[in-house]
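Visitor: Can you read through this structure? Questions will come right after.
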Amino acid sequence: MPLAVVADSDIVARALKVLEPYTKGARAWFEDTDEAWVKGTLVQRTDDSEVGVGRLVFVRDDTVASPTLQFIAQAASPPAPRARQLLDPPAAGADSIKTTASGDSPVPRTPSGSRGRKMSVRAATTSDELKRIVARGSRLTGGRISTMQRVDDSYVIDIAFAELAEPGADAELLPPLCNPPILDCTPDLTTLSYLHEPAVLYNLKRRYEQRMIYTYSGVVLVAMNPFDPVPLYSAEYMARYARKEAGHEEPHLFAIAENAYKGMVTDQRNQTIIVYGESGSGKTTSAKYIMRYFAQAHHADANDKQMSTVESQILATNPVFESFGNAKTTRNDNSSRFGKFLDIKFEQQRMHQKIVGGRIRTFLLERSRVVYQPPTERNYHIFYQLLAGAPDELRAELSLNGEHASWQAFHYTRQCGSIAGVDDAEDFAVTDASLGMVGIGHEQRAAIWRTLAGILHLGNVSFSGTESMGSYVDSSAEAEFGVAARLLGVEEQRLRQWLTKRQIVTRHDHILAKVNKAQALVIRDSIAKFVYSRLFDWILGPINASLLPTSVDEQATRFVGVLDIYGFEHFDQNSFEQFCINYANEKLQQNFNHHVFKLEQEEYRREKLENWTFIGFQDNQPCIDLIEGKPIGILSLLDEESRLEQGSDRTFTEKLYRQFVEASGGISGSAVG
């Protein structure tokens, strides 16, 4: 029985218009695995306008672009990663093809990279063959006729014109085209003819291979961590960007800083630079160079090469906050474990703006790190600096001598010790000097060292006891307990009571109840976290008082802010602090989406730009609603559970399960163990 398949002429015309760039010799990107893209060259294209179908055949190239940025290495010329190959690739003409990600069992793949649908592979390109594809498309593809499949080193794409003519369907059905070679290594991603994931990754890779670590994306600067010193931040580089127009030099942090400075001067409006990225991507170092640029590149007197006291103090805050707020993690030897916002205040003097002060605000300090670190990670740097660099007299005062002279002697630091290439003793001297420079005197610094040593000794206090008798300080830890009480400046009796009892407040009385050994350990760690957090906050007070003298009239100043928010991470086990950090990053990403995608493209629509194609993006509003939604959201449920007298981790987990898993029908059976 002959097949009677006739395509609508308007649909065919729209589809052929979309296919115009896909001529013989055109190059496109293909998702080789979830980890890489490869290039392919179009060697054959067959259209059947009567039936309304077409076929494109691409031959695979060797060029790879990886979204995991595996080409970033610590060597000067990092090699490109190898694409993962198919397991047992079928011969041409086989009925189906399967690919696999590393470690997975072979599974069918679809054009978009999703899994689970069988795909036919046909080598023939006759009109009758294309008609048969249309006729049986529903049975083979679950309703969709268009398919893409891998045949050895080729990609075969069958296109139904009716599907291709749908708005936005080209991005799903056709491979993204490569940019012309003349655009390789372009300094601004927005100048690319085709702007999509593989094009962005490929351009960044090519620039990185040539040691160009900065790339613009409009008003955004993409910085790629070289994991190696680079000669890009000298006074000569500052001079190149100071008072220069944007775009006249290669992309650079200094260009972003200068643009913010000019915006403040020209528009008389406060400016903010947001430093944002994954943990280990170089945010803290980038923020330091931006601060250094403001302190050194602009002076009230263009011939004045010396920084003012305030400018020097602003730079001196870096080693202070790195010591008290940074730590070694699995991904970064100097990871910021808190967020920081610094506004640098400028005042008009003659023809220039002069730095007259600053203010620092911090948020989301990772308090849990004080008492627990994952394997191979460190506590905050300051503990190791104190243990390595304290002079003998101070060691004796703090009981950090003898058997307590090293990081191995303390429960809170023995997880991991030294960092390759880092001299903790030298860093302690730098931190001590920086504290003095930002207004913290000798007596105050001595109190800081006592508090830190008290936390270390408190972590060595252990407990004994039974459920019926309650807990008590173990006899072997009495000496450590006494030292901790002395250094923290509290009476031993009061500290003992806080550690081994809990207070129940009733309407008419206060009752002391016993706690077991496990609860006593939790109380000990809670005290240590609380004391360190309050110390961290206290240090901020003298620093801000020093950075912003009372003589400065804030009403007469403008500021450039630098927001350094530490990075999004996802571990097998995530702390509550990391959850809050990720939530803050989601809110920041939403703000970025709103300004870069939504507002800009709405403006293009209002202007009715004919050649503009809407750029889709992943809206993270559902994720934010899951966290902050009221009255039902993770934070709302946590707040409710915290107010209940019988609230517990288990009941909170059960509420989350009932609200977000059972309600959506995602999982059957209980997931609470």
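By order of appearance in the structure tokens: chains A, B, ..., then residues from 1 within every chain, and ligands from 1 in the order shown.
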Can you pull out the residues contacting A:Thr376? Cut-off 10 Å, using only C-alpha atoms, and skip same-chain residues under 6 positions away; I want them as an mmCIF file with C-alpha atoms, in the first residue's frame.
Guide:
data_model
loop_
_atom_site.group_PDB
_atom_site.id
_atom_site.type_symbol
_atom_site.label_atom_id
_atom_site.label_comp_id
_atom_site.auth_asym_id
_atom_site.auth_seq_id
_atom_site.Cartn_x
_atom_site.Cartn_y
_atom_site.Cartn_z
ATOM 1 C CA LYS A 328 41.989 24.443 53.577
ATOM 2 C CA THR A 329 39.243 22.401 51.914
ATOM 3 C CA THR A 330 39.346 19.498 49.484
ATOM 4 C CA GLN A 415 42.424 16.279 61.194
ATOM 5 C CA CYS A 416 45.001 17.892 58.900
ATOM 6 C CA GLY A 417 48.123 19.983 59.464
#
Visitor: Could you give me, as a list in words, the residues within 9 Å of stretch 619-628 of chain A, counting only C-alpha atoms and dropping anything in the same chain fewer than 5 positions from it?
Guide: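 Close residues of stretch 619-628 of chain A: Tyr583, Glu586, Lys587, Gln589, Gln590, Asn593, Gly633, Ile634, Leu635, Ser636 and Phe660 of chain A.
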Visitor: As a ChimeraX atom specification, please: the residues near A:Val18 (cut-off 12 Å, only C-alpha atoms, same-chain neighbours under 2 positions excluded).
Guide: /A:11-16,20-23,159,161-171,173-174
Visitor: Under the rule that only C-alpha atoms are counted, which of A:Leu315, A:Ala453, A:Val53, A:Leu499 is the nearest residue to A:Ser471?
Guide: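 Ranking A:Leu315, A:Ala453, A:Val53, A:Leu499 by distance to A:Ser471, first place goes to A:Leu499.
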Visitor: Would you mind listing what lies within 8 Å of stretch 431-433 of chain A as a PyMOL selection string, with only C-alpha atoms counted and same-chain residues fewer than 6 positions away left out?
Guide: chain A and resi 319-320+323+445
Visitor: Take the residues from that selection and write them out as a CSV table (one decimal), in the first residue's frame, keeping C-alpha atoms.
Guide:
chain,number,residue,atom,x,y,z
A,319,PRO,CA,45.6,38.8,55.9
A,320,VAL,CA,43.4,39.3,58.9
A,323,SER,CA,43.6,34.0,58.8
A,445,ARG,CA,45.7,41.0,70.4
